[in-house]
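Trainee: Have a peek at protein-v8.cif (mmCIF, C-alpha atoms).
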data_coords
loop_
_atom_site.label_atom_id
_atom_site.label_comp_id
_atom_site.auth_asym_id
_atom_site.auth_seq_id
_atom_site.Cartn_x
_atom_site.Cartn_y
_atom_site.Cartn_z
CA MET Z 1 -34.97 21.98 21.04
CA SER Z 2 -31.88 23.09 19.09
CA VAL Z 3 -31.88 22.97 15.30
CA GLN Z 4 -28.69 21.72 13.66
CA ILE Z 5 -27.64 24.01 10.83
CA LYS Z 6 -26.44 22.17 7.77
CA LYS Z 7 -22.98 23.30 6.65
CA SER Z 8 -21.63 23.26 3.12
CA ASN Z 9 -18.47 21.51 1.94
CA GLN Z 10 -16.63 24.82 1.85
CA GLU Z 11 -17.70 25.85 5.34
CA LEU Z 12 -16.45 22.57 6.79
CA LEU Z 13 -13.25 22.74 4.75
CA ASN Z 14 -12.61 26.27 6.01
CA GLN Z 15 -13.14 25.07 9.57
CA GLN Z 16 -10.76 22.16 8.96
CA GLU Z 17 -8.11 24.47 7.52
CA LYS Z 18 -8.36 26.77 10.52
CA ARG Z 19 -7.96 24.00 13.09
CA GLU Z 20 -5.94 21.19 11.49
CA SER Z 21 -2.23 21.17 10.77
CA ASN Z 22 -0.60 22.02 7.48
CA ALA Z 23 0.30 18.34 7.21
CA ARG Z 24 -3.21 17.44 6.05
CA SER Z 25 -3.04 16.16 2.49
CA TYR Z 26 -6.12 14.60 0.90
CA PRO Z 27 -8.47 17.59 1.39
CA ARG Z 28 -6.16 19.59 -0.89
CA SER Z 29 -6.99 17.26 -3.80
CA PHE Z 30 -10.52 16.31 -2.79
CA PRO Z 31 -12.32 19.40 -1.44
CA LEU Z 32 -15.34 17.77 0.15
CA ALA Z 33 -16.76 16.77 3.52
CA ILE Z 34 -18.07 13.20 3.56
CA LYS Z 35 -21.49 12.50 5.03
CA GLU Z 36 -22.32 8.93 4.01
CA ALA Z 37 -20.58 5.98 2.37
CA GLU Z 38 -21.57 2.58 1.03
CA GLY Z 39 -19.70 0.13 -1.18
CA ILE Z 40 -17.51 2.05 -3.63
CA TYR Z 41 -19.54 5.27 -3.26
CA ILE Z 42 -19.34 8.23 -0.90
CA THR Z 43 -21.74 11.17 -0.58
CA ASP Z 44 -20.75 14.62 0.59
CA VAL Z 45 -22.73 16.97 2.83
CA GLU Z 46 -24.26 18.66 -0.21
CA GLY Z 47 -25.58 15.39 -1.65
CA ASN Z 48 -22.95 14.90 -4.36
CA SER Z 49 -21.96 11.28 -5.02
CA TYR Z 50 -18.44 10.07 -5.85
CA ILE Z 51 -16.84 6.78 -6.81
CA ASP Z 52 -14.10 6.12 -4.29
CA CYS Z 53 -11.05 4.75 -6.11
CA LEU Z 54 -8.86 5.64 -3.13
CA ALA Z 55 -10.62 3.35 -0.63
CA GLY Z 56 -8.76 4.56 2.42
CA ALA Z 57 -5.44 4.10 0.57
CA GLY Z 58 -6.33 0.42 0.23
CA THR Z 59 -7.83 -0.04 3.67
CA LEU Z 60 -11.38 -0.71 2.48
CA ALA Z 61 -11.01 -4.11 0.81
CA LEU Z 62 -14.79 -4.63 0.99
CA GLY Z 63 -15.69 -1.01 0.44
CA HIS Z 64 -17.53 1.26 2.84
CA ASN Z 65 -19.85 -0.26 5.45
CA HIS Z 66 -19.97 -3.78 4.08
CA PRO Z 67 -22.73 -5.76 5.86
CA ILE Z 68 -20.30 -8.50 6.91
CA VAL Z 69 -18.00 -5.98 8.58
CA ILE Z 70 -20.87 -4.09 10.24
CA GLU Z 71 -22.28 -7.37 11.57
CA ALA Z 72 -18.92 -8.29 13.12
CA MET Z 73 -18.65 -4.88 14.80
CA GLU Z 74 -22.21 -4.99 16.09
CA LYS Z 75 -21.67 -8.45 17.58
CA VAL Z 76 -18.72 -7.18 19.61
CA LEU Z 77 -20.90 -4.40 21.00
CA HIS Z 78 -23.98 -6.58 21.52
CA ASP Z 79 -22.00 -9.23 23.42
CA ARG Z 80 -20.41 -6.55 25.60
CA LEU Z 81 -16.95 -7.78 24.69
CA PRO Z 82 -13.93 -5.73 25.75
CA LEU Z 83 -12.91 -3.16 23.19
CA HIS Z 84 -9.37 -2.73 24.44
CA THR Z 85 -7.16 -5.41 26.00
CA LEU Z 86 -3.53 -4.36 25.43
CA ASP Z 87 -1.97 -7.74 24.57
CA ILE Z 88 -4.10 -9.84 26.92
CA THR Z 89 -5.73 -12.48 24.81
CA THR Z 90 -9.44 -13.04 24.11
CA GLU Z 91 -11.50 -15.45 22.03
CA VAL Z 92 -11.85 -12.71 19.41
CA LYS Z 93 -8.09 -12.34 19.18
CA GLU Z 94 -7.40 -16.08 19.00
CA SER Z 95 -10.05 -16.50 16.30
CA PHE Z 96 -8.41 -13.73 14.28
CA VAL Z 97 -4.99 -15.40 14.58
CA ASP Z 98 -6.50 -18.77 13.64
CA GLU Z 99 -7.97 -17.30 10.46
CA LEU Z 100 -4.79 -15.43 9.54
CA PHE Z 101 -2.46 -18.36 10.20
CA SER Z 102 -4.69 -20.75 8.25
CA SER Z 103 -4.21 -18.39 5.29
CA LEU Z 104 -0.41 -18.61 5.34
CA PRO Z 105 1.54 -20.72 2.86
CA GLU Z 106 2.00 -24.30 3.99
CA GLY Z 107 5.33 -24.71 5.74
CA PHE Z 108 5.32 -21.12 6.98
CA ARG Z 109 2.18 -21.39 9.10
CA GLU Z 110 3.81 -24.04 11.32
CA ARG Z 111 6.75 -21.70 11.96
CA ALA Z 112 4.83 -18.45 12.19
CA LYS Z 113 4.59 -16.08 15.13
CA ILE Z 114 2.74 -12.78 15.27
CA GLN Z 115 3.32 -9.41 16.93
CA PHE Z 116 0.36 -7.05 17.30
CA CYS Z 117 1.50 -3.48 16.89
CA GLY Z 118 0.12 0.04 17.16
CA PRO Z 119 -2.69 1.17 14.86
CA THR Z 120 -0.62 1.97 11.77
CA GLY Z 121 1.44 0.03 9.29
CA GLY Z 122 4.33 2.34 10.07
CA ASP Z 123 4.51 1.03 13.63
CA ALA Z 124 4.54 -2.56 12.39
CA ILE Z 125 7.38 -1.74 9.98
CA GLU Z 126 9.28 -0.27 12.93
CA ALA Z 127 8.63 -3.48 14.84
CA ALA Z 128 9.86 -5.65 11.96
CA LEU Z 129 13.11 -3.68 11.72
CA LYS Z 130 13.66 -3.94 15.47
CA LEU Z 131 12.92 -7.66 15.31
CA ALA Z 132 15.53 -8.24 12.59
CA LYS Z 133 18.16 -6.12 14.32
CA THR Z 134 17.57 -7.93 17.61
CA ALA Z 135 17.73 -11.38 16.02
CA THR Z 136 20.84 -10.73 13.94
CA GLY Z 137 22.74 -8.31 16.17
CA ARG Z 138 23.37 -6.22 13.04
CA GLN Z 139 22.40 -2.66 12.18
CA SER Z 140 22.44 -2.06 8.39
CA ILE Z 141 19.11 -2.05 6.54
CA LEU Z 142 18.79 -2.61 2.79
CA THR Z 143 15.83 -0.79 1.28
CA PHE Z 144 14.86 0.42 -2.20
CA GLN Z 145 14.60 3.58 -4.23
CA GLY Z 146 10.97 4.55 -4.70
CA GLY Z 147 9.77 2.54 -1.71
CA TYR Z 148 7.38 3.87 0.91
CA HIS Z 149 7.04 2.38 4.38
CA GLY Z 150 5.49 5.08 6.56
CA ALA Z 151 5.87 8.53 8.06
CA THR Z 152 7.48 7.78 11.42
CA HIS Z 153 11.09 8.74 11.99
CA GLY Z 154 12.34 5.22 11.28
CA THR Z 155 10.04 4.39 8.36
CA MET Z 156 10.72 7.76 6.75
CA SER Z 157 14.41 6.87 6.93
CA ILE Z 158 13.91 3.74 4.82
CA SER Z 159 11.49 5.35 2.32
CA GLY Z 160 12.63 6.86 -0.95
CA ASN Z 161 10.61 10.07 -0.97
CA LEU Z 162 12.98 12.97 -0.28
CA ALA Z 163 10.48 15.77 0.39
CA PRO Z 164 9.46 14.73 3.94
CA LYS Z 165 13.11 14.24 4.93
CA LYS Z 166 14.42 17.70 4.05
CA ARG Z 167 13.59 19.32 7.38
CA VAL Z 168 13.91 16.27 9.64
CA GLN Z 169 17.38 15.82 11.06
CA GLY Z 170 19.13 12.71 12.32
CA LEU Z 171 17.41 10.00 10.28
CA VAL Z 172 18.25 6.37 11.07
CA PRO Z 173 21.86 5.64 10.00
CA ASP Z 174 23.12 2.58 8.10
CA THR Z 175 20.17 2.70 5.70
CA HIS Z 176 21.20 1.76 2.16
CA PHE Z 177 19.04 2.35 -0.93
CA LEU Z 178 19.17 -0.17 -3.76
CA PRO Z 179 17.85 0.05 -7.35
CA TYR Z 180 14.27 -1.20 -7.75
CA PRO Z 181 13.29 -2.66 -11.15
CA TYR Z 182 11.18 0.23 -12.48
CA ASP Z 183 10.55 -0.72 -16.10
CA TYR Z 184 9.50 2.70 -17.45
CA ARG Z 185 12.27 4.62 -15.68
CA CYS Z 186 14.87 1.89 -15.25
CA PRO Z 187 17.81 3.07 -13.10
CA PHE Z 188 20.11 1.28 -15.58
CA GLY Z 189 18.42 2.73 -18.67
CA LYS Z 190 17.45 -0.73 -19.92
CA GLY Z 191 14.07 -1.75 -18.53
CA GLY Z 192 12.27 -5.05 -18.96
CA LYS Z 193 13.96 -8.33 -18.14
CA GLU Z 194 17.44 -6.91 -18.66
CA GLY Z 195 16.86 -4.05 -16.19
CA ALA Z 196 15.59 -6.45 -13.52
CA GLU Z 197 18.56 -8.77 -14.08
CA LEU Z 198 20.98 -5.86 -13.73
CA SER Z 199 19.32 -4.85 -10.47
CA ALA Z 200 19.68 -8.35 -9.04
CA MET Z 201 23.26 -8.67 -10.27
CA TYR Z 202 24.21 -5.31 -8.79
CA ILE Z 203 22.72 -6.20 -5.41
CA GLU Z 204 24.38 -9.61 -5.26
CA GLN Z 205 27.80 -8.20 -6.17
CA LEU Z 206 27.37 -5.38 -3.67
CA LEU Z 207 26.70 -7.83 -0.85
CA ASP Z 208 29.73 -9.92 -1.75
CA ASP Z 209 32.10 -6.98 -2.17
CA PRO Z 210 34.41 -6.65 0.87
CA GLU Z 211 34.90 -2.97 -0.06
CA SER Z 212 31.19 -2.14 -0.51
CA GLY Z 213 31.12 0.01 2.62
CA ILE Z 214 28.02 -1.80 3.87
CA LEU Z 215 28.25 -3.96 6.95
CA PRO Z 216 26.43 -7.33 6.91
CA PRO Z 217 22.74 -6.30 6.86
CA ALA Z 218 20.17 -6.91 9.54
CA ALA Z 219 17.42 -7.10 6.89
CA MET Z 220 16.27 -6.32 3.40
CA ILE Z 221 12.81 -4.74 3.07
CA PHE Z 222 10.66 -3.94 0.05
CA GLU Z 223 7.14 -3.85 -1.40
CA THR Z 224 6.44 -6.34 -4.20
CA VAL Z 225 4.41 -3.55 -5.81
CA GLN Z 226 5.54 -0.09 -4.81
CA GLY Z 227 2.38 1.73 -3.78
CA GLU Z 228 3.00 5.39 -3.04
CA GLY Z 229 5.98 5.08 -5.37
CA GLY Z 230 3.56 4.82 -8.29
CA ALA Z 231 2.09 1.28 -8.47
CA ILE Z 232 5.35 -0.24 -9.75
CA PRO Z 233 5.27 -4.06 -9.79
CA ALA Z 234 8.52 -5.93 -9.32
CA PRO Z 235 9.01 -8.73 -11.88
CA ILE Z 236 8.32 -12.19 -10.50
CA GLU Z 237 11.81 -13.48 -11.33
CA TRP Z 238 13.37 -10.51 -9.53
CA LEU Z 239 11.37 -11.35 -6.41
CA LYS Z 240 12.65 -14.91 -6.56
CA GLU Z 241 16.19 -13.62 -6.93
CA MET Z 242 15.85 -11.37 -3.88
CA ARG Z 243 14.71 -14.36 -1.85
CA ARG Z 244 17.62 -16.47 -3.10
CA ILE Z 245 20.19 -13.73 -2.51
CA THR Z 246 19.02 -12.99 1.03
CA LYS Z 247 18.56 -16.63 2.01
CA GLU Z 248 22.02 -17.67 0.84
CA ARG Z 249 23.58 -14.86 2.90
CA GLY Z 250 21.47 -15.21 6.03
CA ILE Z 251 19.79 -11.83 5.59
CA PRO Z 252 16.21 -11.70 6.92
CA LEU Z 253 13.79 -10.68 4.15
CA ILE Z 254 10.91 -8.42 5.24
CA ILE Z 255 8.08 -7.80 2.78
CA ASP Z 256 5.84 -4.80 3.29
CA GLU Z 257 2.30 -6.06 2.58
CA VAL Z 258 0.59 -3.03 4.14
CA GLN Z 259 -1.09 -2.03 0.87
CA THR Z 260 -0.66 -5.16 -1.24
CA GLY Z 261 -1.97 -7.66 1.32
CA ILE Z 262 -5.39 -9.36 1.60
CA GLY Z 263 -6.11 -10.01 -2.05
CA ARG Z 264 -5.37 -6.70 -3.74
CA THR Z 265 -2.77 -7.93 -6.22
CA GLY Z 266 -4.54 -11.15 -7.24
CA GLU Z 267 -3.16 -13.34 -4.45
CA LEU Z 268 -4.01 -13.17 -0.77
CA PHE Z 269 -0.43 -12.07 -0.08
CA SER Z 270 1.49 -10.48 -2.92
CA PHE Z 271 4.66 -12.53 -2.36
CA GLU Z 272 2.67 -15.64 -3.32
CA HIS Z 273 2.86 -14.60 -6.99
CA ALA Z 274 6.54 -15.55 -6.88
CA GLY Z 275 6.06 -18.68 -4.77
CA ILE Z 276 8.43 -17.33 -2.12
CA VAL Z 277 8.16 -17.04 1.65
CA PRO Z 278 9.75 -14.07 3.44
CA ASP Z 279 11.21 -14.25 6.93
CA ALA Z 280 8.72 -11.59 8.02
CA PHE Z 281 5.91 -9.58 6.49
CA VAL Z 282 3.83 -6.68 7.67
CA LEU Z 283 0.05 -6.31 7.37
CA SER Z 284 -2.13 -3.29 8.08
CA LYS Z 285 -4.82 -1.36 6.16
CA ALA Z 286 -7.21 -4.10 4.91
CA ILE Z 287 -6.34 -6.55 7.71
CA GLY Z 288 -8.39 -4.46 10.18
CA GLY Z 289 -11.54 -4.55 8.08
CA SER Z 290 -11.49 -0.70 7.88
CA LEU Z 291 -10.42 -0.25 11.52
CA PRO Z 292 -6.87 0.48 12.80
CA LEU Z 293 -4.78 -2.69 13.13
CA SER Z 294 -1.27 -3.77 12.18
CA VAL Z 295 0.73 -6.94 12.68
CA VAL Z 296 4.08 -8.49 11.90
CA VAL Z 297 4.02 -12.18 10.97
CA TYR Z 298 7.44 -13.80 11.09
CA ASP Z 299 9.46 -16.99 11.32
CA ARG Z 300 9.87 -18.07 14.93
CA GLU Z 301 13.64 -18.29 14.40
CA LEU Z 302 13.72 -14.48 14.59
CA ASP Z 303 11.92 -14.33 17.94
CA ALA Z 304 14.83 -13.17 20.10
CA TRP Z 305 12.75 -10.46 21.80
CA GLU Z 306 12.45 -10.00 25.54
CA PRO Z 307 9.03 -9.19 27.09
CA GLY Z 308 8.05 -5.61 26.24
CA ALA Z 309 10.56 -5.31 23.38
CA HIS Z 310 7.81 -3.81 21.23
CA ILE Z 311 4.62 -2.45 22.73
CA GLY Z 312 1.72 -0.17 21.84
CA THR Z 313 -1.33 0.81 23.84
CA PHE Z 314 -3.79 0.12 21.03
CA ARG Z 315 -2.40 -3.26 19.97
CA GLY Z 316 -5.46 -4.82 21.61
CA ASN Z 317 -8.13 -3.34 19.31
CA GLN Z 318 -10.75 -6.08 19.58
CA MET Z 319 -13.28 -4.59 17.20
CA ALA Z 320 -10.60 -4.31 14.49
CA MET Z 321 -9.71 -7.97 15.01
CA ALA Z 322 -13.37 -8.97 14.66
CA ALA Z 323 -13.82 -6.81 11.56
CA GLY Z 324 -10.52 -8.05 10.12
CA ASN Z 325 -11.45 -11.68 10.74
CA ALA Z 326 -14.75 -11.18 8.93
CA THR Z 327 -13.02 -9.41 6.04
CA LEU Z 328 -10.36 -12.08 5.64
CA LYS Z 329 -12.97 -14.86 5.62
CA TYR Z 330 -15.09 -13.00 3.06
CA VAL Z 331 -12.13 -12.35 0.76
CA LYS Z 332 -11.22 -16.03 0.83
CA GLU Z 333 -14.73 -17.48 0.58
CA HIS Z 334 -15.67 -15.22 -2.34
CA GLN Z 335 -12.29 -15.57 -4.07
CA LEU Z 336 -11.87 -11.81 -4.21
CA SER Z 337 -8.18 -12.23 -5.00
CA LYS Z 338 -9.05 -13.79 -8.34
CA HIS Z 339 -11.80 -11.22 -8.84
CA ALA Z 340 -9.25 -8.44 -8.24
CA GLU Z 341 -7.00 -10.00 -10.86
CA ALA Z 342 -9.86 -10.16 -13.39
CA MET Z 343 -11.02 -6.59 -12.74
CA GLY Z 344 -7.42 -5.39 -12.87
CA ASP Z 345 -7.03 -6.96 -16.31
CA ILE Z 346 -10.09 -5.03 -17.56
CA PHE Z 347 -8.62 -1.80 -16.20
CA THR Z 348 -5.16 -2.29 -17.69
CA GLN Z 349 -6.44 -3.42 -21.11
CA ALA Z 350 -8.73 -0.39 -21.41
CA LEU Z 351 -6.11 2.04 -20.14
CA THR Z 352 -3.54 0.62 -22.56
CA LYS Z 353 -5.98 1.23 -25.42
CA MET Z 354 -6.33 4.83 -24.24
CA GLN Z 355 -2.54 5.08 -24.26
CA ASN Z 356 -2.60 4.38 -28.01
CA HIS Z 357 -4.63 7.56 -28.53
CA TYR Z 358 -3.11 9.74 -25.81
CA PRO Z 359 0.71 9.97 -25.83
CA GLN Z 360 0.39 11.81 -22.50
CA ILE Z 361 -0.02 8.35 -20.94
CA GLY Z 362 3.58 7.21 -20.67
CA ASP Z 363 2.98 3.94 -18.88
CA VAL Z 364 0.16 1.69 -17.63
CA ARG Z 365 1.19 -0.85 -15.01
CA GLY Z 366 0.21 -2.67 -11.86
CA ARG Z 367 -0.89 -5.99 -10.46
CA GLY Z 368 -4.50 -6.86 -9.66
CA LEU Z 369 -6.41 -3.84 -8.39
CA MET Z 370 -3.27 -1.80 -7.77
CA ILE Z 371 -2.84 0.12 -11.01
CA GLY Z 372 -0.82 3.18 -12.00
CA VAL Z 373 -1.06 5.47 -15.03
CA GLU Z 374 2.05 7.60 -15.45
CA ILE Z 375 1.38 10.97 -17.09
CA VAL Z 376 4.17 12.47 -19.20
CA ASP Z 377 5.04 15.34 -21.49
CA PRO Z 378 5.47 13.73 -24.94
CA SER Z 379 6.95 16.96 -26.31
CA GLY Z 380 9.88 16.71 -23.89
CA LYS Z 381 13.22 15.03 -24.46
CA PRO Z 382 13.02 11.27 -23.87
CA SER Z 383 15.54 9.45 -21.68
CA VAL Z 384 17.95 6.80 -22.94
CA ARG Z 385 15.23 4.29 -22.05
CA GLY Z 386 12.72 6.25 -24.16
CA SER Z 387 10.61 7.49 -21.26
CA TYR Z 388 9.31 11.05 -21.43
CA PRO Z 389 9.54 13.66 -18.64
CA ALA Z 390 6.93 13.43 -15.89
CA ASN Z 391 4.03 15.87 -16.19
CA PRO Z 392 2.70 16.61 -12.69
CA GLU Z 393 0.72 19.66 -13.88
CA LEU Z 394 -1.32 17.59 -16.34
CA THR Z 395 -1.69 14.87 -13.71
CA SER Z 396 -3.27 17.38 -11.35
CA ARG Z 397 -5.62 18.61 -14.09
CA ILE Z 398 -6.76 15.07 -14.88
CA GLN Z 399 -7.28 14.38 -11.18
CA ARG Z 400 -9.35 17.56 -10.83
CA GLU Z 401 -11.41 16.74 -13.93
CA CYS Z 402 -12.07 13.27 -12.51
CA PHE Z 403 -13.18 14.76 -9.20
CA ASP Z 404 -15.50 17.22 -10.93
CA ARG Z 405 -17.10 14.24 -12.69
CA GLY Z 406 -17.51 12.23 -9.48
CA LEU Z 407 -14.36 10.08 -9.38
CA ILE Z 408 -11.74 10.16 -6.63
CA LEU Z 409 -8.27 9.10 -7.81
CA GLU Z 410 -5.06 9.44 -5.82
CA ASP Z 411 -1.81 10.62 -7.36
CA GLY Z 412 1.69 9.48 -6.43
CA GLY Z 413 4.97 8.33 -7.90
CA ARG Z 414 7.90 10.44 -9.02
CA TYR Z 415 6.93 14.12 -9.14
CA GLY Z 416 3.33 13.16 -8.28
CA ALA Z 417 2.79 12.22 -11.93
CA VAL Z 418 1.08 8.84 -11.48
CA LEU Z 419 -2.68 8.43 -11.14
CA ARG Z 420 -3.47 5.39 -9.03
CA PHE Z 421 -6.53 3.12 -9.26
CA LEU Z 422 -7.06 1.48 -5.87
CA PRO Z 423 -10.78 0.60 -5.64
CA PRO Z 424 -12.39 -1.85 -3.19
CA LEU Z 425 -12.03 -5.50 -4.19
CA ILE Z 426 -15.82 -5.87 -4.46
CA ILE Z 427 -15.97 -3.62 -7.52
CA THR Z 428 -18.09 -4.97 -10.38
CA GLU Z 429 -17.30 -5.00 -14.09
CA LYS Z 430 -20.07 -2.44 -14.66
CA GLN Z 431 -18.48 -0.13 -12.08
CA VAL Z 432 -15.06 -0.59 -13.69
CA ASP Z 433 -16.57 0.50 -17.02
CA GLU Z 434 -18.12 3.54 -15.33
CA ILE Z 435 -14.75 4.53 -13.85
CA LEU Z 436 -13.00 4.09 -17.18
CA SER Z 437 -15.61 6.22 -18.93
CA ILE Z 438 -15.18 9.04 -16.43
CA PHE Z 439 -11.40 8.79 -16.62
CA HIS Z 440 -11.45 8.97 -20.42
CA ASP Z 441 -13.64 12.07 -20.42
CA ALA Z 442 -11.46 13.70 -17.75
CA LEU Z 443 -8.29 12.86 -19.66
CA ALA Z 444 -9.69 14.31 -22.88
CA ALA Z 445 -10.80 17.50 -21.13
CA ALA Z 446 -7.50 17.97 -19.29
CA VAL Z 447 -5.40 17.41 -22.43
CA SER Z 448 -7.45 19.96 -24.39
CA GLU Z 449 -7.04 22.75 -21.78
#
Could I get this file's structure written as structure tokens?
Mentor:
Amino acid sequence: MSVQIKKSNQELLNQQEKRESNARSYPRSFPLAIKEAEGIYITDVEGNSYIDCLAGAGTLALGHNHPIVIEAMEKVLHDRLPLHTLDITTEVKESFVDELFSSLPEGFRERAKIQFCGPTGGDAIEAALKLAKTATGRQSILTFQGGYHGATHGTMSISGNLAPKKRVQGLVPDTHFLPYPYDYRCPFGKGGKEGAELSAMYIEQLLDDPESGILPPAAMIFETVQGEGGAIPAPIEWLKEMRRITKERGIPLIIDEVQTGIGRTGELFSFEHAGIVPDAFVLSKAIGGSLPLSVVVYDRELDAWEPGAHIGTFRGNQMAMAAGNATLKYVKEHQLSKHAEAMGDIFTQALTKMQNHYPQIGDVRGRGLMIGVEIVDPSGKPSVRGSYPANPELTSRIQRECFDRGLILEDGGRYGAVLRFLPPLIITEKQVDEILSIFHDALAAAVSE
């Protein structure tokens, strides 16, 4: 009988470094090897416990190993259901679509169609772009500065982050970046309502300018809250304006709900805050109940595809559909959207109070349980808007101090200077207080270094 030798975090990390590519990212910030996970907590191989405020980058709406999700998975296995069906339908699949479509805004659900895509949100974004180009016969795509839509060749092309693009040649042409209403670092130096109005005005005039250099667009795409861009929420009135502008000009509007969808922002779908309906939106992450799944939901008027126009071997992940169905039902039945809004308010109020004592916190923002804290250098020269220079070094120190105290927080945003709170939607008020206490201690320690 062989005896399994227990390995330490460092031994497993060394093994990972030796065998995995240099593209790996999270282990560089969180040097641990996970052994167990439940709810908002994970435990490493050495028995250390951590609060997971990353939650699979928003995938784990119900946290780790929620009983409802486990039950749905076990039923698929117990009933000997197929695990993989390409796009051949099953009762599991039809039940998932029933639940999702019943969740759509009235008026849209009657017109909705769905495309199951490969395992990642990036593939579904690719599908949505192809759908719009096919339906319109056009090629230009309007996207936004600071946006993030994936790491494939096409989705990288429409994302704002420059670093991944520097050594990748031949990105998708006819991609045009527009100014997103970023209050703290407004591209017009104004911020607030005026900055958002200027953004909308600029975009409308651009589209109506016969000398703009941009051909009639196939689509406009954006996140209502920029995730990797630093938890930047677009003002509600700006969202309404984007819908008006695109609708009046016959431009399909695609909303990326990969991270915002399924209750995270305080509504089941983040576009519902503005009372608008896009022509298409993309879901992934939480929609699979922690398993790989992505879909495009769109108005049937766009469905100009021929058979096989978008495919993917793993678009028939039955266990993900079962887990996603269970997750969606649970979120709705337990009103986790409203719970996320309430918990998010507690976070932002407490973090704003900290900002009064720590000028290194330049901005606190977000929507629901999608919150960003921008770390700055208050000794630097402020911009015209009054925002201070980003401070990625201090951000990294705060993140490390949090980790050493048992809290996992992701960074992001410009220069990696935004700490992002993205916990499971099931988080309790007591757990929020625990996170805030750890963050305060970590902030104080990092500032005093």
Trainee: Written as a list in words, what is the full residue list that the PyMOL selection byres ((chain Z and resi 134) around 12) yields on the file shown?
Mentor: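 So the PyMOL selection byres ((chain Z and resi 134) around 12) ends up selecting Ala127, Ala128, Leu129, Lys130, Leu131, Ala132, Lys133, Ala135, Thr136, Gly137, Arg138, Gln139, Ser140, Ala218, Ala219, Pro252, Glu301, Leu302, Asp303, Ala304, Trp305, Glu306, Ala309 and His310 of chain Z.
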Trainee: Let me know the residues the PyMOL selection byres ((chain Z and resi 314) around 8) catches in the file above, as a PyMOL selection string.
Mentor: chain Z and resi 84+86+117-119+312-313+315-317
Trainee: Translate the PyMOL selection byres ((chain Z and resi 257) around 8) into a concrete residue list for this structure, as a PDB file with C-alpha atoms, in the coordinates of the input.
Mentor:
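Writing the result to selection-v9.pdb gives the following:
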ATOM      1  CA  GLU Z 223       7.140  -3.850  -1.400  1.00  0.00           C
ATOM      2  CA  THR Z 224       6.440  -6.340  -4.200  1.00  0.00           C
ATOM      3  CA  ILE Z 255       8.080  -7.800   2.780  1.00  0.00           C
ATOM      4  CA  ASP Z 256       5.840  -4.800   3.290  1.00  0.00           C
ATOM      5  CA  VAL Z 258       0.590  -3.030   4.140  1.00  0.00           C
ATOM      6  CA  GLN Z 259      -1.090  -2.030   0.870  1.00  0.00           C
ATOM      7  CA  THR Z 260      -0.660  -5.160  -1.240  1.00  0.00           C
ATOM      8  CA  GLY Z 261      -1.970  -7.660   1.320  1.00  0.00           C
ATOM      9  CA  PHE Z 269      -0.430 -12.070  -0.080  1.00  0.00           C
ATOM     10  CA  SER Z 270       1.490 -10.480  -2.920  1.00  0.00           C
ATOM     11  CA  PHE Z 281       5.910  -9.580   6.490  1.00  0.00           C
ATOM     12  CA  VAL Z 282       3.830  -6.680   7.670  1.00  0.00           C
ATOM     13  CA  LEU Z 283       0.050  -6.310   7.370  1.00  0.00           C
ATOM     14  CA  SER Z 284      -2.130  -3.290   8.080  1.00  0.00           C
TER      15      SER Z 284
END
Trainee: Using all atoms listed in the file, can you tell me which of Z:Arg400, Z:Lys247, Z:Arg367, Z:Lys93 comes closest to Ala234 (chain Z)?
Mentor: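 Result for the nearest residue to Ala234 (chain Z): Z:Arg367.
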Trainee: Between CA of Ala57 (chain Z) and CA of Glu410 (chain Z), what is the distance in Å, rounded to a tenth?
Mentor: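 Going from CA of Ala57 (chain Z) over to CA of Glu410 (chain Z) covers 8.3 Å.
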Trainee: What's around Ile214 (chain Z) at 12 Å? Count all atoms listed in the file, leave out sequence neighbours fewer than 4 positions away in its own chain, and write the answer as number ranges by chain.
Mentor: Z: 138-142, 173-178, 203, 205-210, 218
Trainee: Compare Z:Arg420, Z:Arg244, Z:His78, Z:Arg264 by their minimum atom-to-atom distance to Arg365 (chain Z), counting all atoms listed in the file, and give me the closest one.
Mentor: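 Selected residue with least distance to Arg365 (chain Z): Z:Arg420.
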Trainee: Place N, CA and C atoms on region 384-390 of chain Z and deliver the coordinates as a PDB file, keeping the file's coordinate frame.
Mentor:
ATOM      1  N   VAL Z 384      17.303   7.870 -22.194  1.00  0.00           N
ATOM      2  CA  VAL Z 384      17.950   6.800 -22.940  1.00  0.00           C
ATOM      3  C   VAL Z 384      17.000   5.616 -23.087  1.00  0.00           C
ATOM      4  N   ARG Z 385      16.203   5.396 -22.055  1.00  0.00           N
ATOM      5  CA  ARG Z 385      15.230   4.290 -22.050  1.00  0.00           C
ATOM      6  C   ARG Z 385      14.062   4.587 -22.971  1.00  0.00           C
ATOM      7  N   GLY Z 386      13.848   5.868 -23.319  1.00  0.00           N
ATOM      8  CA  GLY Z 386      12.720   6.250 -24.160  1.00  0.00           C
ATOM      9  C   GLY Z 386      11.534   6.768 -23.396  1.00  0.00           C
ATOM     10  N   SER Z 387      11.695   6.961 -22.091  1.00  0.00           N
ATOM     11  CA  SER Z 387      10.610   7.490 -21.260  1.00  0.00           C
ATOM     12  C   SER Z 387      10.623   9.017 -21.317  1.00  0.00           C
ATOM     13  N   TYR Z 388       9.437   9.599 -21.340  1.00  0.00           N
ATOM     14  CA  TYR Z 388       9.310  11.050 -21.430  1.00  0.00           C
ATOM     15  C   TYR Z 388       9.282  11.693 -20.039  1.00  0.00           C
ATOM     16  N   PRO Z 389       9.551  12.985 -19.934  1.00  0.00           N
ATOM     17  CA  PRO Z 389       9.540  13.660 -18.640  1.00  0.00           C
ATOM     18  C   PRO Z 389       8.166  13.572 -17.970  1.00  0.00           C
ATOM     19  N   ALA Z 390       8.190  13.461 -16.657  1.00  0.00           N
ATOM     20  CA  ALA Z 390       6.930  13.430 -15.890  1.00  0.00           C
ATOM     21  C   ALA Z 390       6.194  14.744 -16.071  1.00  0.00           C
TER      22      ALA Z 390
END
